file structure-v6.csv (CSV, C-alpha atoms)
chain,number,residue,atom,x,y,z
C,975,ILE,CA,99.9,-22.8,-25.8
C,976,LEU,CA,99.6,-25.4,-23.0
C,977,CYS,CA,96.4,-25.3,-20.9
C,978,ARG,CA,96.5,-28.1,-18.5
C,979,GLY,CA,100.2,-28.4,-17.7
C,980,ASN,CA,102.6,-31.4,-17.6
C,981,SER,CA,105.3,-32.7,-15.4
C,982,GLN,CA,107.4,-29.6,-15.9
C,983,TRP,CA,104.8,-26.8,-15.8
C,984,ALA,CA,101.3,-26.2,-14.3
C,985,PRO,CA,99.1,-23.2,-14.9
C,986,PRO,CA,98.9,-20.7,-12.0
C,987,ARG,CA,96.3,-21.3,-9.4
C,988,GLU,CA,93.9,-18.7,-8.0
C,989,GLN,CA,95.0,-18.0,-4.5
C,990,LEU,CA,95.4,-15.2,-2.1
C,991,ILE,CA,99.0,-14.2,-1.6
C,992,PHE,CA,100.0,-12.0,1.3
C,993,HIS,CA,103.7,-12.2,1.0
C,994,ILE,CA,105.5,-9.2,-0.5
C,995,HIS,CA,107.9,-10.6,-3.1
C,996,GLN,CA,111.2,-8.9,-3.6
C,997,PRO,CA,112.2,-8.9,-7.3
C,998,PRO,CA,114.6,-11.8,-7.7
C,999,ASN,CA,117.6,-12.2,-10.0
C,1000,ARG,CA,116.0,-12.8,-13.4
C,1001,ASP,CA,118.1,-15.7,-14.5
C,1002,SER,CA,117.9,-17.4,-11.1
C,1003,GLN,CA,114.1,-17.2,-11.1
C,1004,LEU,CA,113.7,-18.4,-14.7
C,1005,ARG,CA,115.9,-21.3,-13.8
C,1006,LYS,CA,113.6,-22.2,-11.0
C,1007,GLN,CA,110.7,-22.0,-13.5
C,1008,GLY,CA,112.6,-24.3,-15.9
C,1009,TYR,CA,112.8,-21.4,-18.3
C,1010,LEU,CA,109.0,-21.6,-18.9
C,1011,CYS,CA,106.5,-18.8,-18.8
C,1012,ALA,CA,104.5,-19.1,-15.5
C,1013,GLY,CA,101.3,-18.3,-17.4
C,1014,CYS,CA,101.3,-20.5,-20.5
C,1015,GLY,CA,104.3,-22.8,-20.2
C,1016,ARG,CA,106.0,-21.4,-23.3
C,1017,HIS,CA,109.8,-22.1,-23.3
C,1018,VAL,CA,112.0,-19.1,-22.8
C,1019,GLU,CA,115.0,-18.8,-25.0
C,1020,LYS,CA,117.9,-17.4,-22.9
C,1021,GLY,CA,118.5,-14.8,-25.5
C,1022,PHE,CA,115.0,-13.4,-25.0
C,1023,ALA,CA,114.9,-13.8,-21.2
C,1024,HIS,CA,115.1,-10.0,-20.9
C,1025,ARG,CA,111.7,-9.7,-22.6
C,1026,TYR,CA,109.9,-11.6,-19.9
C,1027,ARG,CA,108.0,-9.5,-17.3
C,1028,TYR,CA,108.0,-10.0,-13.5
C,1029,CYS,CA,104.6,-10.3,-11.7
C,1030,GLU,CA,104.8,-8.8,-8.3
C,1031,TYR,CA,101.8,-10.7,-7.1
C,1032,THR,CA,102.9,-14.3,-8.0
C,1033,GLY,CA,106.6,-13.6,-7.8
C,1034,LYS,CA,107.2,-15.2,-11.2
C,1035,TYR,CA,108.1,-14.3,-14.8
C,1036,PHE,CA,105.6,-14.3,-17.6
C,1037,CYS,CA,105.9,-13.9,-21.4
C,1038,ARG,CA,104.4,-10.7,-22.9
C,1039,SER,CA,101.3,-12.5,-24.0
C,1040,CYS,CA,100.6,-13.4,-20.4
C,1041,HIS,CA,101.8,-10.1,-18.9
C,1042,SER,CA,100.6,-6.9,-20.4
C,1043,ASP,CA,102.3,-4.8,-17.7
C,1044,LYS,CA,98.9,-3.9,-16.1
C,1045,LYS,CA,99.2,-2.4,-12.6
C,1046,LEU,CA,97.2,-2.8,-9.4
C,1047,PHE,CA,97.4,-2.1,-5.7
C,1048,LEU,CA,98.3,-5.4,-4.1
C,1049,PRO,CA,96.5,-6.8,-1.0
C,1050,SER,CA,99.9,-7.8,0.5
C,1051,TYR,CA,101.0,-4.2,0.7
C,1052,ILE,CA,97.7,-3.0,2.1
C,1053,ILE,CA,97.3,-5.7,4.7
C,1054,THR,CA,101.0,-5.9,5.8
C,1055,LYS,CA,101.8,-2.1,5.8
C,1056,TRP,CA,98.5,-0.2,5.0
C,1057,ASP,CA,100.4,0.9,1.9
C,1058,PHE,CA,98.3,2.5,-0.9
C,1059,SER,CA,101.2,4.5,-2.2
C,1060,SER,CA,101.7,2.8,-5.6
C,1061,LYS,CA,100.4,0.3,-8.0
C,1062,HIS,CA,102.4,-2.8,-8.9
C,1063,SER,CA,103.0,-4.6,-12.2
C,1064,VAL,CA,101.1,-7.9,-12.4
C,1065,SER,CA,100.4,-10.7,-14.9
C,1066,ASN,CA,97.2,-10.8,-16.8
C,1067,PHE,CA,96.2,-13.8,-14.7
C,1068,ALA,CA,96.7,-11.9,-11.4
C,1069,PHE,CA,95.1,-8.8,-12.7
C,1070,ASP,CA,91.9,-10.7,-13.7
C,1071,TYR,CA,91.8,-12.6,-10.4
C,1072,LEU,CA,92.3,-9.6,-8.1
C,1073,ASN,CA,89.7,-7.6,-10.0
C,1074,ARG,CA,87.2,-10.5,-9.8
C,1075,ILE,CA,87.5,-10.7,-6.0
C,1076,TYR,CA,87.7,-7.0,-5.5
C,1077,SER,CA,84.3,-6.8,-3.7
C,1078,ASP,CA,84.4,-10.3,-2.1
C,1079,PRO,CA,84.5,-10.3,1.8
C,1080,THR,CA,87.7,-12.3,1.9
C,1081,PHE,CA,90.1,-10.8,4.4
C,1082,ASN,CA,90.0,-11.4,8.1
C,1083,LEU,CA,92.2,-8.6,9.4
C,1084,ASN,CA,92.3,-10.0,12.9
C,1085,ASP,CA,93.8,-13.2,11.7
C,1086,LEU,CA,96.0,-11.7,9.0
C,1087,ASN,CA,97.4,-8.7,10.8
C,1088,SER,CA,95.8,-7.5,14.0
C,1089,LYS,CA,98.4,-4.8,14.4
C,1090,LEU,CA,97.1,-3.1,11.2
C,1091,TYR,CA,94.6,-1.2,13.3
C,1092,GLU,CA,97.5,0.6,15.0
C,1093,LYS,CA,98.6,2.0,11.6
C,1094,SER,CA,95.4,3.6,10.6
C,1095,LYS,CA,93.0,5.9,12.4
C,1096,GLN,CA,90.4,5.4,9.7
C,1097,LEU,CA,90.6,1.6,10.2
C,1098,ARG,CA,90.2,2.0,14.0
C,1099,LEU,CA,87.1,4.1,13.5
C,1100,ILE,CA,85.6,1.7,11.0
C,1101,ASP,CA,86.3,-1.1,13.5
C,1102,GLU,CA,84.4,0.8,16.2
C,1103,LEU,CA,81.4,1.5,13.9
C,1104,ARG,CA,81.2,-2.1,12.8
C,1105,TRP,CA,81.3,-3.4,16.3
C,1106,SER,CA,78.6,-1.0,17.2
C,1107,LEU,CA,76.5,-2.3,14.4
C,1108,PHE,CA,77.2,-5.8,15.5
C,1109,TYR,CA,75.6,-5.1,18.8
C,1110,LEU,CA,72.9,-2.8,17.6
C,1111,ARG,CA,71.5,-5.3,15.1
C,1112,HIS,CA,70.3,-7.5,18.0
C,1113,TYR,CA,68.0,-4.7,19.1
C,1114,ILE,CA,66.9,-3.4,15.7
C,1115,LEU,CA,66.2,-6.7,14.0
C,1116,THR,CA,63.9,-7.8,16.9
C,1117,CYS,CA,62.0,-4.5,17.4
C,1118,ARG,CA,58.6,-3.9,15.7
C,1119,PHE,CA,59.0,-0.2,16.1
C,1120,ALA,CA,62.3,-0.3,14.3
C,1121,LYS,CA,60.6,-2.2,11.5
C,1122,GLU,CA,57.8,0.4,11.3
C,1123,LYS,CA,60.4,3.2,11.0
C,1124,ASN,CA,62.3,1.2,8.2
C,1125,LEU,CA,65.4,1.0,10.4
C,1126,GLN,CA,65.7,-2.7,9.7
C,1127,GLN,CA,65.6,-2.0,6.0
C,1128,ILE,CA,68.4,0.6,6.4
C,1129,LEU,CA,70.6,-1.9,8.3
C,1130,GLN,CA,69.9,-4.7,5.8
C,1131,LYS,CA,70.9,-2.6,2.9
C,1132,LEU,CA,74.4,-3.1,4.1
C,1133,PRO,CA,76.3,-6.3,3.2
C,1134,THR,CA,75.4,-8.8,5.9
C,1135,TYR,CA,79.0,-9.4,6.9
C,1136,MET,CA,79.4,-5.6,7.6
C,1137,TYR,CA,77.4,-6.0,10.8
C,1138,THR,CA,77.7,-9.7,11.6
C,1139,ASP,CA,81.5,-10.1,11.3
C,1140,PRO,CA,83.4,-6.9,12.0
C,1141,TYR,CA,86.8,-8.4,11.2
C,1142,ILE,CA,86.0,-9.3,7.6
C,1143,TYR,CA,86.8,-6.9,4.7
C,1144,SER,CA,86.9,-6.9,1.0
C,1145,ILE,CA,89.6,-5.1,-1.0
C,1146,GLN,CA,87.0,-2.6,-1.9
C,1147,ASP,CA,86.1,-2.0,1.8
C,1148,LEU,CA,89.8,-1.3,2.5
C,1149,PHE,CA,89.9,1.3,-0.2
C,1150,LYS,CA,86.7,2.9,1.0
C,1151,THR,CA,88.2,2.9,4.5
C,1152,LYS,CA,91.3,4.7,3.3
C,1153,SER,CA,89.3,7.3,1.3
C,1154,GLY,CA,86.8,7.9,4.1
C,1155,ASP,CA,83.8,6.8,2.0
C,1156,LEU,CA,83.0,3.9,4.3
C,1157,ILE,CA,82.9,6.1,7.3
C,1158,LYS,CA,80.4,8.4,5.6
C,1159,VAL,CA,78.1,5.4,5.0
C,1160,LEU,CA,78.4,3.7,8.4
C,1161,GLU,CA,78.5,6.7,10.9
C,1162,PRO,CA,75.0,8.1,10.2
C,1163,ILE,CA,73.5,4.6,10.3
C,1164,VAL,CA,75.1,3.9,13.7
C,1165,ILE,CA,73.9,7.3,15.1
C,1166,ASN,CA,70.4,6.7,13.8
C,1167,LEU,CA,70.1,3.2,15.2
C,1168,ARG,CA,71.6,4.1,18.5
C,1169,GLU,CA,69.2,7.0,18.9
C,1170,HIS,CA,66.3,4.6,18.3
C,1171,VAL,CA,67.5,2.1,20.9
C,1172,LEU,CA,67.9,4.7,23.6
C,1173,THR,CA,64.5,6.2,23.0
C,1174,CYS,CA,62.5,3.0,22.2
C,1175,PRO,CA,60.7,1.4,25.2
C,1176,LEU,CA,61.1,-2.1,23.8
C,1177,CYS,CA,64.8,-1.7,23.0
C,1178,TYR,CA,65.7,0.2,26.1
C,1179,ALA,CA,64.1,-2.5,28.2
C,1180,LYS,CA,66.8,-4.9,26.8
C,1181,GLY,CA,69.6,-2.8,28.3
C,1182,PHE,CA,72.0,-4.1,31.0
C,1183,ILE,CA,72.7,-3.4,34.6
C,1184,CYS,CA,76.4,-3.7,35.2
C,1185,GLU,CA,77.0,-7.2,36.8
C,1186,ILE,CA,79.8,-5.8,38.9
C,1187,CYS,CA,78.6,-2.5,40.4
C,1188,MET,CA,74.9,-3.4,40.1
C,1189,ASN,CA,73.8,0.2,39.6
C,1190,ASP,CA,70.3,-0.2,38.4
C,1191,LYS,CA,70.0,3.5,37.7
C,1192,ASP,CA,72.6,3.4,35.0
C,1193,ILE,CA,71.4,1.2,32.1
C,1194,ILE,CA,74.2,0.3,29.8
C,1195,PHE,CA,74.4,-1.1,26.3
C,1196,PRO,CA,77.2,-3.1,24.5
C,1197,PHE,CA,77.3,-0.8,21.5
C,1198,ASP,CA,78.6,2.0,23.7
C,1199,LEU,CA,82.1,0.7,23.2
C,1200,ASP,CA,83.9,3.6,25.0
C,1201,ILE,CA,82.2,2.9,28.4
C,1202,THR,CA,81.3,-0.8,28.3
C,1203,SER,CA,82.9,-4.1,27.9
C,1204,VAL,CA,81.2,-7.4,27.1
C,1205,CYS,CA,81.8,-10.9,28.5
C,1206,PRO,CA,82.9,-13.1,25.5
C,1207,VAL,CA,81.2,-16.1,27.0
C,1208,CYS,CA,77.7,-15.0,28.2
C,1209,GLN,CA,77.6,-11.6,26.5
C,1210,SER,CA,76.8,-9.8,29.8
C,1211,CYS,CA,77.7,-6.1,29.8
C,1212,PHE,CA,79.8,-4.2,32.3
C,1213,HIS,CA,81.1,-0.7,32.8
C,1214,PHE,CA,84.5,-0.6,31.3
C,1215,GLN,CA,85.8,1.1,34.5
C,1216,CYS,CA,84.3,-1.6,36.8
C,1217,HIS,CA,85.8,-4.3,34.6
C,1218,GLU,CA,89.3,-2.7,34.8
C,1219,ASN,CA,89.2,-1.8,38.5
C,1220,LYS,CA,88.2,-5.2,39.8
C,1221,GLN,CA,89.7,-8.6,39.8
C,1222,TYR,CA,87.5,-9.9,37.0
C,1223,HIS,CA,85.3,-12.9,37.2
C,1224,CYS,CA,82.0,-12.6,35.3
C,1225,PRO,CA,79.3,-12.9,38.0
C,1226,LYS,CA,76.8,-14.2,35.5
C,1227,CYS,CA,79.2,-16.9,34.3
C,1228,GLN,CA,79.9,-17.8,37.9
C,1229,ARG,CA,76.2,-18.2,38.6
C,1230,ASN,CA,75.7,-20.2,35.4
C,1231,LYS,CA,78.6,-22.5,36.4
C,1232,SER,CA,77.2,-23.0,39.9
C,1233,ARG,CA,73.7,-23.7,38.5
C,1234,ASN,CA,75.0,-26.2,35.9
C,1235,SER,CA,77.0,-28.0,38.6
C,1236,LEU,CA,74.0,-28.2,40.8
C,1237,THR,CA,71.9,-29.5,37.9
C,1238,ALA,CA,74.5,-32.1,37.0
C,1239,SER,CA,74.7,-33.2,40.6
C,1240,ASN,CA,70.9,-33.6,40.9
C,1241,ARG,CA,70.8,-35.6,37.8
C,1242,SER,CA,73.6,-37.9,39.0
C,1243,ASN,CA,71.7,-38.5,42.2
C,1244,THR,CA,68.3,-39.1,40.8
C,1245,PRO,CA,68.8,-42.8,39.6
C,1246,THR,CA,70.3,-43.7,43.0
C,1247,ASN,CA,67.3,-42.2,44.8
C,1248,ILE,CA,64.9,-44.0,42.6
C,1249,GLN,CA,66.7,-47.3,43.1
C,1250,GLN,CA,66.6,-46.7,46.9
C,1251,GLU,CA,62.8,-46.1,46.7
C,1252,ASP,CA,62.3,-49.3,44.7
C,1253,ASP,CA,64.3,-51.3,47.3
C,1254,ILE,CA,62.2,-49.9,50.1
C,1255,ILE,CA,58.9,-50.8,48.2
C,1256,THR,CA,60.2,-54.2,47.5

call {"tool": "encode", "arguments": {"input": "structure-v6.csv", "output": "structure tokens"}}
result
Amino acid sequence: ILCRGNSQWAPPREQLIFHIHQPPNRDSQLRKQGYLCAGCGRHVEKGFAHRYRYCEYTGKYFCRSCHSDKKLFLPSYIITKWDFSSKHSVSNFAFDYLNRIYSDPTFNLNDLNSKLYEKSKQLRLIDELRWSLFYLRHYILTCRFAKEKNLQQILQKLPTYMYTDPYIYSIQDLFKTKSGDLIKVLEPIVINLREHVLTCPLCYAKGFICEICMNDKDIIFPFDLDITSVCPVCQSCFHFQCHENKQYHCPKCQRNKSRNSLTASNRSNTPTNIQQEDDIIT
């Protein structure tokens, strides 16, 4: 059995494939493969071509030594269509690879298929919970009272990416989202952490006044996703309704821009002023 390949064949590479392969004509595909097994490079006698098995992950044919007809749910079906309806026949190589990365945080759903959230209520809820954790962590991880109540430890028991990068998922996360198991884990944590922030004097003092309506009697927080929106540049917080009802320019960003322009202007004028003073002294 060939291991390193040659000019006619190379062993399959570990790679994420998101394309859904449609089973091709057997003879046509084997012809593209040079009548070689995609897994080991063994030559396929045309009389035995019917014995070769198709791998739905790689889109290629393998001999029976390299394809034991093992079945898996494929990432391509899940990420493209949110389809968990059936397992698919894959080569031994694909089976081992997909099992090995099963719990790896590999998939950025926003990049791969942002419309997937429209197909699943469970996924939308998980997205909301994870964005809430994303904002809550800034309060919890900097609060000594949260540390005394072991709330930091509760948060940090989760995989770090779960509350630092809400778009990232592993295959395992997607299955747990579909089954509802991930919601059961995240929801009580969000409720617990949110309750702490709203009742803790240190955390509550870090709340926001809406930069648009400036109502200082209504302190808002970025983790309340249903009523607030956040400036992607300066992270200021607004009432969602204020944001929607007004021609939007972030007031804080405008202030920062004006301040930076003034600072830059002062710096550019300083050398000239110094030179003028030197000339006068001279």

call {"tool": "residues_around", "arguments": {"input": "structure-v6.csv", "residues": "Leu1103 in chain C", "least_positions_apart": "6", "cutoff": "10 Å", "atoms": "all atoms listed in the file", "output": "list in words"}}
result
Leu1097, Met1136, Tyr1137, Pro1140, Ile1157, Leu1160, Glu1161, Pro1162, Ile1163, Val1164, Ile1165, Phe1197 and Leu1199 of chain C

call {"tool": "closest_residue", "arguments": {"input": "structure-v6.csv", "among": "C:Thr1138, C:Ser1065, C:Thr1151, C:Gln1146", "to": "Tyr1091 in chain C", "atoms": "all atoms listed in the file"}}
result
C:Thr1151

call {"tool": "residues_around", "arguments": {"input": "structure-v6.csv", "residues": "range 1115-1129 of chain C", "least_positions_apart": "2", "cutoff": "10 Å", "atoms": "only C-alpha atoms", "output": "NGL selection string"}}
result
:C and (1107 or 1110-1113 or 1131-1134 or 1136-1137 or 1160 or 1163-1164 or 1166-1167 or 1170-1171 or 1174-1177)

call {"tool": "closest_residue", "arguments": {"input": "structure-v6.csv", "among": "C:Pro986, C:Pro998, C:Tyr1026, C:Gly1033", "to": "Phe1067 in chain C", "atoms": "all atoms listed in the file"}}
result
C:Pro986

call {"tool": "atom_distance", "arguments": {"input": "structure-v6.csv", "atom1": "CA of Asn1073 in chain C", "atom2": "CA of Val1018 in chain C"}}
result
28.2 Å

call {"tool": "closest_residue", "arguments": {"input": "structure-v6.csv", "among": "C:Phe1081, C:Trp1056, C:Tyr1076, C:Tyr1135", "to": "Lys1095 in chain C", "atoms": "all atoms listed in the file"}}
result
C:Trp1056

call {"tool": "residues_around", "arguments": {"input": "structure-v6.csv", "residues": "range 1084-1090 of chain C", "least_positions_apart": "5", "cutoff": "8 Å", "atoms": "all atoms listed in the file", "output": "number ranges by chain"}}
result
C: 1053-1056, 1141

call {"tool": "write_last_selection", "arguments": {"input": "structure-v6.csv", "atoms": "C-alpha atoms", "output": "short mmCIF file (atom, residue, chain, number, x, y, z; two decimals), keeping the file's coordinate frame"}}
result
data_model
loop_
_atom_site.label_atom_id
_atom_site.label_comp_id
_atom_site.auth_asym_id
_atom_site.auth_seq_id
_atom_site.Cartn_x
_atom_site.Cartn_y
_atom_site.Cartn_z
CA ILE C 1053 97.30 -5.70 4.70
CA THR C 1054 101.00 -5.90 5.80
CA LYS C 1055 101.80 -2.10 5.80
CA TRP C 1056 98.50 -0.20 5.00
CA TYR C 1141 86.80 -8.40 11.20
#

call {"tool": "residues_around", "arguments": {"input": "structure-v6.csv", "residues": "range 1211-1216 of chain C", "least_positions_apart": "6", "cutoff": "8 Å", "atoms": "only C-alpha atoms", "output": "list of chain:residue names"}}
result
C:Phe1182, C:Ile1183, C:Cys1184, C:Glu1185, C:Ile1186, C:Cys1187, C:Ile1194, C:Phe1195, C:Pro1196, C:Asp1200, C:Ile1201, C:Thr1202, C:Ser1203, C:Val1204, C:Cys1205

call {"tool": "atom_distance", "arguments": {"input": "structure-v6.csv", "atom1": "CA of Asp1155 in chain C", "atom2": "CA of Ser1059 in chain C"}}
result
18.0 Å

call {"tool": "atom_distance", "arguments": {"input": "structure-v6.csv", "atom1": "CA of Thr1080 in chain C", "atom2": "CA of Ser1060 in chain C"}}
result
21.9 Å

call {"tool": "closest_residue", "arguments": {"input": "structure-v6.csv", "among": "C:Thr1032, C:Ser1144, C:Gln982, C:Asn1189", "to": "Gln996 in chain C", "atoms": "all atoms listed in the file"}}
result
C:Thr1032

call {"tool": "residues_around", "arguments": {"input": "structure-v6.csv", "residues": "Asp1001 in chain C", "least_positions_apart": "2", "cutoff": "12 Å", "atoms": "all atoms listed in the file", "output": "number ranges by chain"}}
result
C: 997-999, 1003-1010, 1018-1026, 1028, 1034-1035

call {"tool": "closest_residue", "arguments": {"input": "structure-v6.csv", "among": "C:Leu1172, C:Ala1179, C:Cys1037, C:Leu1046", "to": "Asp1198 in chain C", "atoms": "only C-alpha atoms"}}
result
C:Leu1172

call {"tool": "axis_aligned_box", "arguments": {"input": "structure-v6.csv", "around": "range 1118-1135 of chain C", "padding_each_side": "3 Å", "output": "lines of an AutoDock Vina configuration file"}}
result
center_x = 68.4
center_y = -3.1
center_z = 9.5
size_x = 27.2
size_y = 18.6
size_z = 19.2

call {"tool": "closest_residue", "arguments": {"input": "structure-v6.csv", "among": "C:Tyr1051, C:Phe1108, C:Leu1083, C:Tyr1178", "to": "Ile991 in chain C", "atoms": "all atoms listed in the file"}}
result
C:Tyr1051
